[in-house]
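Take a look at the structure below.
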Amino acid sequence: MSREKLTGAEMIIRALLDQGVDVVFGYPGGAVLPIYDAIFGQNKLRHILVRHEQGAVHAAEGYARSTGKVGAVLVTSGPGATNAVTGLTDALMDSIPIVCITGQVATHLIGNDAFQEADTTGITRPCTKHNYLVKSPDDVARVVHEAFYVARSGRPGPVVIDMPKDVQLGTGRYVGPEKVVHRTYQPRIKGDEGAIGRAVELIAKAKKPVFYTGGGVINAGPQASEKLIEFARMTGVPVTNTLMGLGAFPGSDPQFIGMLGMHGTYQANLAMHNCDVMVCLGARFDDRITGRLDAFSPKSKKIHVDIDPSSINKNVSVDISIVGDVGAVLEDMIAVWKRDGRSSDAGALKDWWTQIDEWRGRDCLQYEQGDQIIKPQYAIQRLYELTKDRETFITTEVGQHQMWAAQLYKFERPNHWMTSGGLGTMGYGMPAAIGVQLAHPDALVVDIAGEASILMCIQELSTAVQYKLPIKIFVLNNEYMGMVRQWQELLHGGRYSESYSAALPDFVKLAESFHAKGLRAQTPGEVDGVIAEMLDTDGPVLADIVVDQAENCFPMIPSGSAHNEMILSSDRKHEVSDAGKALV
Amino acid sequence: MVEKRSRRHTIAVLVDNEAGVLARVIGLFSGRGYNIESLTVAETDPKNNVSRITIVTSGTPMIIEQIKAQLGRLVPVHKVSDLTIEGPHVERELALIKVAGTGEPRVESLRIADIFRARVVDSTNDSFVFELTGASEKLDAFVELMKPLGLVDVSRTGIVAISRGAAPL
């Protein structure tokens, strides 16, 4: 079989199938017509027609994040490729495995400014983990298999394969995935034994330890979350998750102290600030986590486990670094803990938990729900209460609604929370929800959105309708780019420059015009009814939840401030330094 | 205490000799704001399709560690080696230096070239092209001396480096 000659286009389909791909998100165009012809001639690989290439990549991200598989994208040359760039950058920042095949003009035309030509490998070099330009049909199969290997191995990420049209049309020999071994890229999985031993000793001796865990635990697979839970139980250490790490540890567990960082909980950030041993598992000391670097957790010894050596000592210098897969390292830590008969300092931990519970007692996420205007937090809390007993996946757009969702929706398992963390891409949520729903046809998939973000990829509602994907879009409509408005209120003297969402569409009619269902809630009393109707509807729904325009998202660590300088409400006066204002 | 002083490092990188690999390395430096003081590249193992890049850069120990880690995670990179900290090594640079003039300055340039063990690789009635190999400082000194004697053009390769002793990279 493997010796037969196929066209480049046929080999692409064959290689995708051999890599276990069942869905590809794409949009046709001149430079990929041979591949679309090959898709037409088969029925194993399902193609989902998006409405914009950015949507294709986000959908593949949602698919990948919720399944642990590599997401596949197919777009044409030129504008098809450039439209995909935002999604690719998003996937790079959040370490999501994607293989994106882009059409390219025929090899003899490359460099001639041909119609719909763009220097795709040049443009995507800084926003992919790796990219390829395939110059011969004989390379097609090998490159596709290599691309999947690179995308999913080590720290996952997006890989672009640029396929000139003549390469798609020419014939070559197919090779199967088992024959492709990468020469150079062999990421380290097992952590260094000596470092693991020292880390375990440090954790055992700690008086005020904290586990700070990130998206790496999710990427390491569900078994890594199980190991995290096991190790946390053995040690009794409090656990906080980053935005990307939510779900790695059960959100309703008493040992979970909430998300940390800029909009993290009071107890999580103060635990980070005051701890004596910090164990960073698959996170990267992002500026949203650390706040002001020179005041970040000044008294702690830091252990950092990451599969990407370049994440270690990048922002924060650590005492023990372990390069490896976080699941494998946790497994070894558990084994060493047992082997050496380690136990935590129970007395010290008791005092530490007393302190944490005191901080927790501040109830930093509280809000006051009156009977007139819907508080956005209330809407999310009701959504949580009414969906928590189902198999529910949540995606978000970017902004205040995203932070409230992260704070208030409790994720019990990994891979159920899809959000654009690193790049902060408005427009991510709905296409991501489409990808999740395709992978989990019977699950409930809700995109928690804002009225500004949702308009950035609103065209994908058409995709959801076409494929009868019953996604639910839960729009917290405050008629503002809420997070911009909040920063303008707190940092720019209330000068709301261009942050008001003027001329908004009627979201109910908008949904109806796409042949989806539109719902609206305007008072707190209507929220439960709208959620119930949304859940009962067998098809895509857009629920327009009209919420308080002035509500701010707290706690907040203003830019350039330390964890112990977080603000809990608008009432407190605070100063932001000029240096802080210069930060994003 | 974290060392904050910036220091010059010579880094050798073995890469697959494929299209775009140099762009990846250079893009990494410009995209992340690192310095490149010099960079040389050529295929060194044609059978295995491997090229060797020598980069001279400077930074604090934390930055240098970052540079090496970032280079190491590029997919076509086989090996990254910091020659500055991994033991003694030899650095050499080659320059071609064009000097024009007649009479005494022309004789003087030849005399200095002799002292520096530079070779004349091209000669006309009123010009020389010297070839000079050595440490960068030696090349700097030679160029400086040629300035008053009719220096026209300088072309330098940038530093190539290799570790001392029998061990491979």
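In the structure tokens, the first chain shown is A, the next is B, and so on; residue numbers restart at 1 for each chain, and ligands run from 1 in the order shown.
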
What are the residues of chain A that have an atom within 8 Å of an atom of chain B, counting only C-alpha atoms, as JSON, numbers by chain?
{"A": [125, 126, 129, 130, 150, 184, 185, 308, 309, 310, 313, 314, 317]}

How would the residues just picked look written out with C-alpha atoms as a PDB file, in the first residue's frame?
```pdb
ATOM      1  CA  ARG A 125       7.853  32.004  11.767  1.00  0.00           C
ATOM      2  CA  PRO A 126       7.564  33.999  15.002  1.00  0.00           C
ATOM      3  CA  LYS A 129       6.449  26.479  17.099  1.00  0.00           C
ATOM      4  CA  HIS A 130       7.768  25.449  13.701  1.00  0.00           C
ATOM      5  CA  VAL A 150       6.347  18.618  16.727  1.00  0.00           C
ATOM      6  CA  THR A 184      16.704  16.827  16.396  1.00  0.00           C
ATOM      7  CA  TYR A 185      13.536  17.486  18.354  1.00  0.00           C
ATOM      8  CA  ASP A 308      10.258  24.027  28.284  1.00  0.00           C
ATOM      9  CA  PRO A 309      13.738  24.929  29.566  1.00  0.00           C
ATOM     10  CA  SER A 310      13.285  28.478  28.289  1.00  0.00           C
ATOM     11  CA  ASN A 313      14.574  31.527  35.096  1.00  0.00           C
ATOM     12  CA  LYS A 314      13.003  33.717  32.409  1.00  0.00           C
ATOM     13  CA  SER A 317      14.967  33.185  39.252  1.00  0.00           C
TER      14      SER A 317
END
```

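When the distance limit is 12 Å and only C-alpha atoms are what count, the residues near segment 492-500 of chain A, minus those fewer than 3 positions from it on the same chain, are A:Glu451, A:Ala452, A:Asn477, A:Asn478, A:Glu479, A:Tyr480, A:Met481, A:Gly482, A:Met483, A:Val484, A:Arg485, A:Gln486, A:Trp487, A:Gln488, A:Glu489, A:Ala503, A:Leu504, A:Gln549, A:Ala550, A:Glu575, A:Val576, A:Asp578, A:Lys581, A:Ala582.
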
C-alpha atoms of the current selection, written as a compact mmCIF listing (two decimals), in the first residue's frame:
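After the write, selection.txt holds the following:
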```txt
# COMPACT_ATOMS: atom_id res chain seq x y z
CA GLU A 451 -21.06 42.11 23.90
CA ALA A 452 -17.88 43.61 22.42
CA ASN A 477 -23.90 42.82 27.94
CA ASN A 478 -22.74 45.93 29.80
CA GLU A 479 -22.49 48.05 26.64
CA TYR A 480 -18.82 48.66 27.34
CA MET A 481 -15.52 47.05 26.59
CA GLY A 482 -15.69 46.39 30.28
CA MET A 483 -12.06 45.75 31.14
CA VAL A 484 -10.96 48.79 29.12
CA ARG A 485 -13.61 50.84 30.89
CA GLN A 486 -12.43 49.52 34.26
CA TRP A 487 -8.80 50.49 33.57
CA GLN A 488 -9.92 53.89 32.33
CA GLU A 489 -11.91 54.37 35.53
CA ALA A 503 -24.75 51.15 17.95
CA LEU A 504 -24.99 47.62 19.31
CA GLN A 549 -22.60 48.78 33.24
CA ALA A 550 -20.49 50.07 36.12
CA GLU A 575 -2.07 55.01 43.52
CA VAL A 576 -0.56 53.56 40.38
CA ASP A 578 3.94 55.96 36.21
CA LYS A 581 0.81 52.79 33.99
CA ALA A 582 3.31 51.91 31.30
```

In Å, rounded to a single decimal, give me how far atom CA of Met234 of chain A is from atom CA of Gly347 of chain A.
15.2 Å

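Comparing A:Ala348, A:Ile458, A:Ile557, A:Ala106 by their smallest distance to His52 of chain A, the closest is A:Ile458 (using only C-alpha atoms).
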
Which of chain B end up as alpha helix (DSSP H) when DSSP is run on this backbone - answer as a PyMOL selection string?
chain B and resi 21-31+61-72+104-115+136-146

So that I have them on file, write out the residues from the current selection with N, CA and C atoms, as a compact mmCIF listing (two decimals), in the first residue's frame.
```txt
# COMPACT_ATOMS: atom_id res chain seq x y z
N VAL B 21 16.52 28.37 8.49
CA VAL B 21 17.04 28.13 9.83
C VAL B 21 17.77 29.37 10.37
N LEU B 22 18.47 30.07 9.47
CA LEU B 22 19.16 31.27 9.92
C LEU B 22 18.15 32.36 10.28
N ALA B 23 17.07 32.44 9.49
CA ALA B 23 16.01 33.41 9.79
C ALA B 23 15.41 33.13 11.17
N ARG B 24 15.26 31.86 11.51
CA ARG B 24 14.73 31.52 12.84
C ARG B 24 15.65 32.03 13.94
N VAL B 25 16.95 31.82 13.75
CA VAL B 25 17.91 32.23 14.79
C VAL B 25 17.94 33.75 14.91
N ILE B 26 18.02 34.42 13.76
CA ILE B 26 18.09 35.88 13.79
C ILE B 26 16.77 36.46 14.32
N GLY B 27 15.65 35.87 13.87
CA GLY B 27 14.34 36.33 14.32
C GLY B 27 14.19 36.18 15.82
N LEU B 28 14.75 35.12 16.37
CA LEU B 28 14.69 34.92 17.81
C LEU B 28 15.42 36.06 18.53
N PHE B 29 16.59 36.43 18.02
CA PHE B 29 17.37 37.49 18.66
C PHE B 29 16.65 38.84 18.54
N SER B 30 16.15 39.15 17.34
CA SER B 30 15.50 40.46 17.20
C SER B 30 14.16 40.47 17.91
N GLY B 31 13.40 39.38 17.81
CA GLY B 31 12.08 39.34 18.44
C GLY B 31 12.14 39.44 19.94
N PRO B 61 23.92 36.80 33.17
CA PRO B 61 23.82 35.34 33.16
C PRO B 61 22.39 34.85 32.90
N MET B 62 21.39 35.57 33.44
CA MET B 62 20.00 35.16 33.23
C MET B 62 19.61 35.28 31.75
N ILE B 63 20.06 36.35 31.12
CA ILE B 63 19.75 36.55 29.69
C ILE B 63 20.46 35.50 28.84
N ILE B 64 21.73 35.26 29.16
CA ILE B 64 22.50 34.27 28.38
C ILE B 64 21.84 32.89 28.50
N GLU B 65 21.40 32.57 29.71
CA GLU B 65 20.73 31.28 29.92
C GLU B 65 19.46 31.22 29.07
N GLN B 66 18.71 32.33 29.02
CA GLN B 66 17.52 32.42 28.19
C GLN B 66 17.84 32.22 26.72
N ILE B 67 18.90 32.90 26.27
CA ILE B 67 19.27 32.81 24.85
C ILE B 67 19.56 31.36 24.50
N LYS B 68 20.30 30.69 25.38
CA LYS B 68 20.66 29.29 25.08
C LYS B 68 19.41 28.40 25.09
N ALA B 69 18.51 28.65 26.06
CA ALA B 69 17.30 27.83 26.13
C ALA B 69 16.40 28.10 24.92
N GLN B 70 16.32 29.36 24.52
CA GLN B 70 15.48 29.69 23.36
C GLN B 70 16.06 29.08 22.08
N LEU B 71 17.39 29.15 21.94
CA LEU B 71 18.02 28.51 20.78
C LEU B 71 17.77 27.00 20.82
N GLY B 72 17.90 26.43 21.99
CA GLY B 72 17.78 24.98 22.13
C GLY B 72 16.41 24.46 21.77
N GLU B 104 55.52 56.44 0.40
CA GLU B 104 55.87 56.02 1.76
C GLU B 104 54.71 55.32 2.50
N PRO B 105 53.46 55.87 2.43
CA PRO B 105 52.37 55.18 3.14
C PRO B 105 52.19 53.75 2.63
N ARG B 106 52.34 53.55 1.32
CA ARG B 106 52.19 52.21 0.75
C ARG B 106 53.25 51.26 1.32
N VAL B 107 54.48 51.74 1.42
CA VAL B 107 55.56 50.92 1.98
C VAL B 107 55.29 50.65 3.46
N GLU B 108 54.83 51.67 4.15
CA GLU B 108 54.55 51.54 5.58
C GLU B 108 53.45 50.49 5.83
N SER B 109 52.41 50.52 4.97
CA SER B 109 51.32 49.55 5.16
C SER B 109 51.84 48.13 4.98
N LEU B 110 52.73 47.95 4.05
CA LEU B 110 53.30 46.63 3.81
C LEU B 110 54.15 46.18 5.00
N ARG B 111 54.88 47.17 5.57
CA ARG B 111 55.73 46.87 6.72
C ARG B 111 54.87 46.41 7.91
N ILE B 112 53.80 47.16 8.14
CA ILE B 112 52.91 46.80 9.27
C ILE B 112 52.26 45.45 9.02
N ALA B 113 51.84 45.22 7.76
CA ALA B 113 51.23 43.94 7.42
C ALA B 113 52.19 42.80 7.76
N ASP B 114 53.44 43.01 7.51
CA ASP B 114 54.44 42.00 7.81
C ASP B 114 54.50 41.73 9.31
N ILE B 115 54.49 42.81 10.09
CA ILE B 115 54.51 42.65 11.55
C ILE B 115 53.31 41.84 12.03
N SER B 136 39.87 39.09 17.31
CA SER B 136 39.21 40.30 16.82
C SER B 136 39.98 41.56 17.19
N GLU B 137 40.60 41.54 18.38
CA GLU B 137 41.34 42.73 18.84
C GLU B 137 42.54 43.01 17.93
N LYS B 138 43.15 41.93 17.47
CA LYS B 138 44.29 42.08 16.56
C LYS B 138 43.83 42.72 15.24
N LEU B 139 42.67 42.26 14.75
CA LEU B 139 42.12 42.83 13.52
C LEU B 139 41.78 44.30 13.72
N ASP B 140 41.19 44.61 14.87
CA ASP B 140 40.85 46.01 15.19
C ASP B 140 42.11 46.88 15.14
N ALA B 141 43.18 46.35 15.76
CA ALA B 141 44.42 47.13 15.85
C ALA B 141 44.99 47.38 14.46
N PHE B 142 44.95 46.36 13.62
CA PHE B 142 45.48 46.49 12.27
C PHE B 142 44.69 47.53 11.46
N VAL B 143 43.36 47.43 11.56
CA VAL B 143 42.49 48.37 10.84
C VAL B 143 42.78 49.79 11.29
N GLU B 144 42.98 49.95 12.59
CA GLU B 144 43.26 51.28 13.14
C GLU B 144 44.55 51.85 12.53
N LEU B 145 45.55 50.98 12.44
CA LEU B 145 46.84 51.42 11.90
C LEU B 145 46.77 51.75 10.41
N MET B 146 45.85 51.09 9.69
CA MET B 146 45.75 51.32 8.25
C MET B 146 45.01 52.62 7.92
```

Could you give me, as an MDAnalysis selection string, each residue of segment 13-95 of chain B that DSSP assigns to strand (DSSP E) when run on this structure's backbone?
chainID B and resid 13:16 38:45 50:59 77:82 89:95

Could those selected residues go to a file with C-alpha atoms, as a PDB file, in the first residue's frame?
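Contents of out.pdb, freshly written:
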```
ATOM      1  CA  VAL B  13      24.976  26.111  17.559  1.00  0.00           C
ATOM      2  CA  LEU B  14      24.673  23.018  15.391  1.00  0.00           C
ATOM      3  CA  VAL B  15      21.622  23.153  13.133  1.00  0.00           C
ATOM      4  CA  ASP B  16      20.031  21.285  10.274  1.00  0.00           C
ATOM      5  CA  SER B  38      28.704  38.780  15.383  1.00  0.00           C
ATOM      6  CA  LEU B  39      27.299  35.765  13.640  1.00  0.00           C
ATOM      7  CA  THR B  40      28.911  33.318  11.257  1.00  0.00           C
ATOM      8  CA  VAL B  41      27.381  30.330   9.570  1.00  0.00           C
ATOM      9  CA  ALA B  42      28.453  27.648   7.133  1.00  0.00           C
ATOM     10  CA  GLU B  43      27.788  24.001   6.476  1.00  0.00           C
ATOM     11  CA  THR B  44      30.330  21.949   8.410  1.00  0.00           C
ATOM     12  CA  ASP B  45      29.011  18.417   7.939  1.00  0.00           C
ATOM     13  CA  VAL B  50      24.550  20.074   9.478  1.00  0.00           C
ATOM     14  CA  SER B  51      25.666  23.694   9.699  1.00  0.00           C
ATOM     15  CA  ARG B  52      27.485  25.402  12.516  1.00  0.00           C
ATOM     16  CA  ILE B  53      26.512  28.869  13.655  1.00  0.00           C
ATOM     17  CA  THR B  54      28.824  30.877  15.901  1.00  0.00           C
ATOM     18  CA  ILE B  55      27.118  33.743  17.698  1.00  0.00           C
ATOM     19  CA  VAL B  56      28.795  36.340  19.858  1.00  0.00           C
ATOM     20  CA  THR B  57      26.306  37.997  22.157  1.00  0.00           C
ATOM     21  CA  SER B  58      26.285  39.736  25.507  1.00  0.00           C
ATOM     22  CA  GLY B  59      23.984  39.748  28.485  1.00  0.00           C
ATOM     23  CA  VAL B  77      18.713  22.888  16.418  1.00  0.00           C
ATOM     24  CA  HIS B  78      20.857  19.857  17.361  1.00  0.00           C
ATOM     25  CA  LYS B  79      23.062  21.378  20.022  1.00  0.00           C
ATOM     26  CA  VAL B  80      23.817  24.654  21.759  1.00  0.00           C
ATOM     27  CA  SER B  81      27.161  25.128  23.424  1.00  0.00           C
ATOM     28  CA  ASP B  82      28.369  28.131  25.419  1.00  0.00           C
ATOM     29  CA  HIS B  89      38.420  27.710  23.491  1.00  0.00           C
ATOM     30  CA  VAL B  90      40.045  29.441  20.545  1.00  0.00           C
ATOM     31  CA  GLU B  91      38.431  32.326  18.679  1.00  0.00           C
ATOM     32  CA  ARG B  92      39.539  33.532  15.292  1.00  0.00           C
ATOM     33  CA  GLU B  93      38.336  36.021  12.766  1.00  0.00           C
ATOM     34  CA  LEU B  94      39.417  36.669   9.205  1.00  0.00           C
ATOM     35  CA  ALA B  95      39.457  40.070   7.532  1.00  0.00           C
TER      36      ALA B  95
END
```

Using only C-alpha atoms, which residue out of A:Gln186, A:Gln355, A:Gln19, A:Thr107 lies closest to Val144 of chain A?
A:Gln19

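Residues in contact with Met262 of chain A at 10 Å, where only C-alpha atoms are counted and same-chain residues fewer than 4 positions away are skipped, are listed as Asn269, Asp287, Arg288, Ile289, Thr290, Gly291, Met403, Phe554, Pro555, Met556, Ile557, Pro558, Ser559, Ser561, Ala562, His563, Met566 and Ile567 of chain A.
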
Expected file: the selected residues, N, CA and C atoms, as a PDB file, in the first residue's frame:
```
ATOM      1  N   ASN A 269      -3.360  35.040  46.297  1.00  0.00           N
ATOM      2  CA  ASN A 269      -2.251  35.974  46.094  1.00  0.00           C
ATOM      3  C   ASN A 269      -1.478  36.215  47.389  1.00  0.00           C
ATOM      4  N   ASP A 287       3.595  37.836  33.625  1.00  0.00           N
ATOM      5  CA  ASP A 287       3.437  39.106  34.356  1.00  0.00           C
ATOM      6  C   ASP A 287       2.058  39.254  34.981  1.00  0.00           C
ATOM      7  N   ARG A 288       1.064  38.557  34.456  1.00  0.00           N
ATOM      8  CA  ARG A 288      -0.268  38.581  35.065  1.00  0.00           C
ATOM      9  C   ARG A 288      -0.284  37.817  36.402  1.00  0.00           C
ATOM     10  N   ILE A 289       0.709  36.979  36.589  1.00  0.00           N
ATOM     11  CA  ILE A 289       0.812  36.198  37.816  1.00  0.00           C
ATOM     12  C   ILE A 289       1.684  36.912  38.837  1.00  0.00           C
ATOM     13  N   THR A 290       2.793  37.431  38.389  1.00  0.00           N
ATOM     14  CA  THR A 290       3.793  37.904  39.352  1.00  0.00           C
ATOM     15  C   THR A 290       3.507  39.306  39.870  1.00  0.00           C
ATOM     16  N   GLY A 291       2.815  40.144  39.100  1.00  0.00           N
ATOM     17  CA  GLY A 291       2.762  41.553  39.472  1.00  0.00           C
ATOM     18  C   GLY A 291       4.181  42.110  39.457  1.00  0.00           C
ATOM     19  N   MET A 403     -12.751  37.037  33.342  1.00  0.00           N
ATOM     20  CA  MET A 403     -12.204  36.964  34.701  1.00  0.00           C
ATOM     21  C   MET A 403     -13.283  36.533  35.697  1.00  0.00           C
ATOM     22  N   PHE A 554     -13.023  42.662  40.669  1.00  0.00           N
ATOM     23  CA  PHE A 554     -12.070  42.655  41.787  1.00  0.00           C
ATOM     24  C   PHE A 554     -11.974  41.245  42.340  1.00  0.00           C
ATOM     25  N   PRO A 555     -10.942  40.929  43.066  1.00  0.00           N
ATOM     26  CA  PRO A 555      -9.766  41.739  43.376  1.00  0.00           C
ATOM     27  C   PRO A 555      -8.978  42.076  42.101  1.00  0.00           C
ATOM     28  N   MET A 556      -8.128  43.086  42.236  1.00  0.00           N
ATOM     29  CA  MET A 556      -7.281  43.455  41.111  1.00  0.00           C
ATOM     30  C   MET A 556      -5.926  43.888  41.653  1.00  0.00           C
ATOM     31  N   ILE A 557      -4.888  43.312  41.060  1.00  0.00           N
ATOM     32  CA  ILE A 557      -3.542  43.806  41.367  1.00  0.00           C
ATOM     33  C   ILE A 557      -3.214  44.780  40.248  1.00  0.00           C
ATOM     34  N   PRO A 558      -3.197  46.086  40.537  1.00  0.00           N
ATOM     35  CA  PRO A 558      -2.920  47.022  39.450  1.00  0.00           C
ATOM     36  C   PRO A 558      -1.531  46.765  38.878  1.00  0.00           C
ATOM     37  N   SER A 559      -1.355  47.096  37.618  1.00  0.00           N
ATOM     38  CA  SER A 559      -0.055  46.901  36.974  1.00  0.00           C
ATOM     39  C   SER A 559       1.041  47.560  37.797  1.00  0.00           C
ATOM     40  N   SER A 561       2.148  46.641  40.632  1.00  0.00           N
ATOM     41  CA  SER A 561       1.991  46.489  42.080  1.00  0.00           C
ATOM     42  C   SER A 561       2.310  45.054  42.486  1.00  0.00           C
ATOM     43  N   ALA A 562       2.458  44.896  43.794  1.00  0.00           N
ATOM     44  CA  ALA A 562       2.778  43.577  44.317  1.00  0.00           C
ATOM     45  C   ALA A 562       1.503  42.875  44.757  1.00  0.00           C
ATOM     46  N   HIS A 563       1.626  41.570  45.046  1.00  0.00           N
ATOM     47  CA  HIS A 563       0.469  40.770  45.442  1.00  0.00           C
ATOM     48  C   HIS A 563      -0.232  41.311  46.673  1.00  0.00           C
ATOM     49  N   MET A 566      -3.054  44.386  46.422  1.00  0.00           N
ATOM     50  CA  MET A 566      -4.239  44.207  45.583  1.00  0.00           C
ATOM     51  C   MET A 566      -5.378  45.067  46.098  1.00  0.00           C
ATOM     52  N   ILE A 567      -6.230  45.500  45.179  1.00  0.00           N
ATOM     53  CA  ILE A 567      -7.384  46.285  45.594  1.00  0.00           C
ATOM     54  C   ILE A 567      -8.633  45.416  45.503  1.00  0.00           C
TER      55      ILE A 567
END
```

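In this structure, atom CA of Gln168 of chain A sits 6.3 Å away from atom CA of Thr7 of chain A.
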
Which residues come within 9 Å of Leu408 of chain A, counting only C-alpha atoms, excluding same-chain residues fewer than 5 positions away, as an mmCIF file with C-alpha atoms, in the first residue's frame?
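So the final result, stored in out18.cif, reads:
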```
data_model
loop_
_atom_site.group_PDB
_atom_site.id
_atom_site.type_symbol
_atom_site.label_atom_id
_atom_site.label_comp_id
_atom_site.auth_asym_id
_atom_site.auth_seq_id
_atom_site.Cartn_x
_atom_site.Cartn_y
_atom_site.Cartn_z
ATOM 1 C CA LEU A 365 -15.432 37.692 45.306
ATOM 2 C CA GLN A 377 -21.197 37.859 38.768
ATOM 3 C CA ILE A 380 -22.277 33.551 36.047
ATOM 4 C CA GLN A 381 -23.021 32.139 39.462
ATOM 5 C CA TYR A 384 -22.725 27.617 37.305
ATOM 6 C CA MET A 403 -12.204 36.964 34.701
#
```

6 Å contact set for Gln54 of chain A, only C-alpha atoms, chain neighbours under 4 positions out, as a PyMOL selection string
chain A and resi 83-84+87

Selection near Val134 of chain A, 7 Å with only C-alpha atoms, sequence-local residues under 5 positions removed, as a list in words:
Asp139, Val140, Asp162 and Met163 of chain A

Atom CA of Ala379 of chain A and atom CA of Val527 of chain A are how many Å apart?
6.7 Å

Using only C-alpha atoms, which of A:Phe393, A:Phe249, A:Tyr27, A:Tyr63 sits nearest Leu438 of chain A?
A:Tyr63
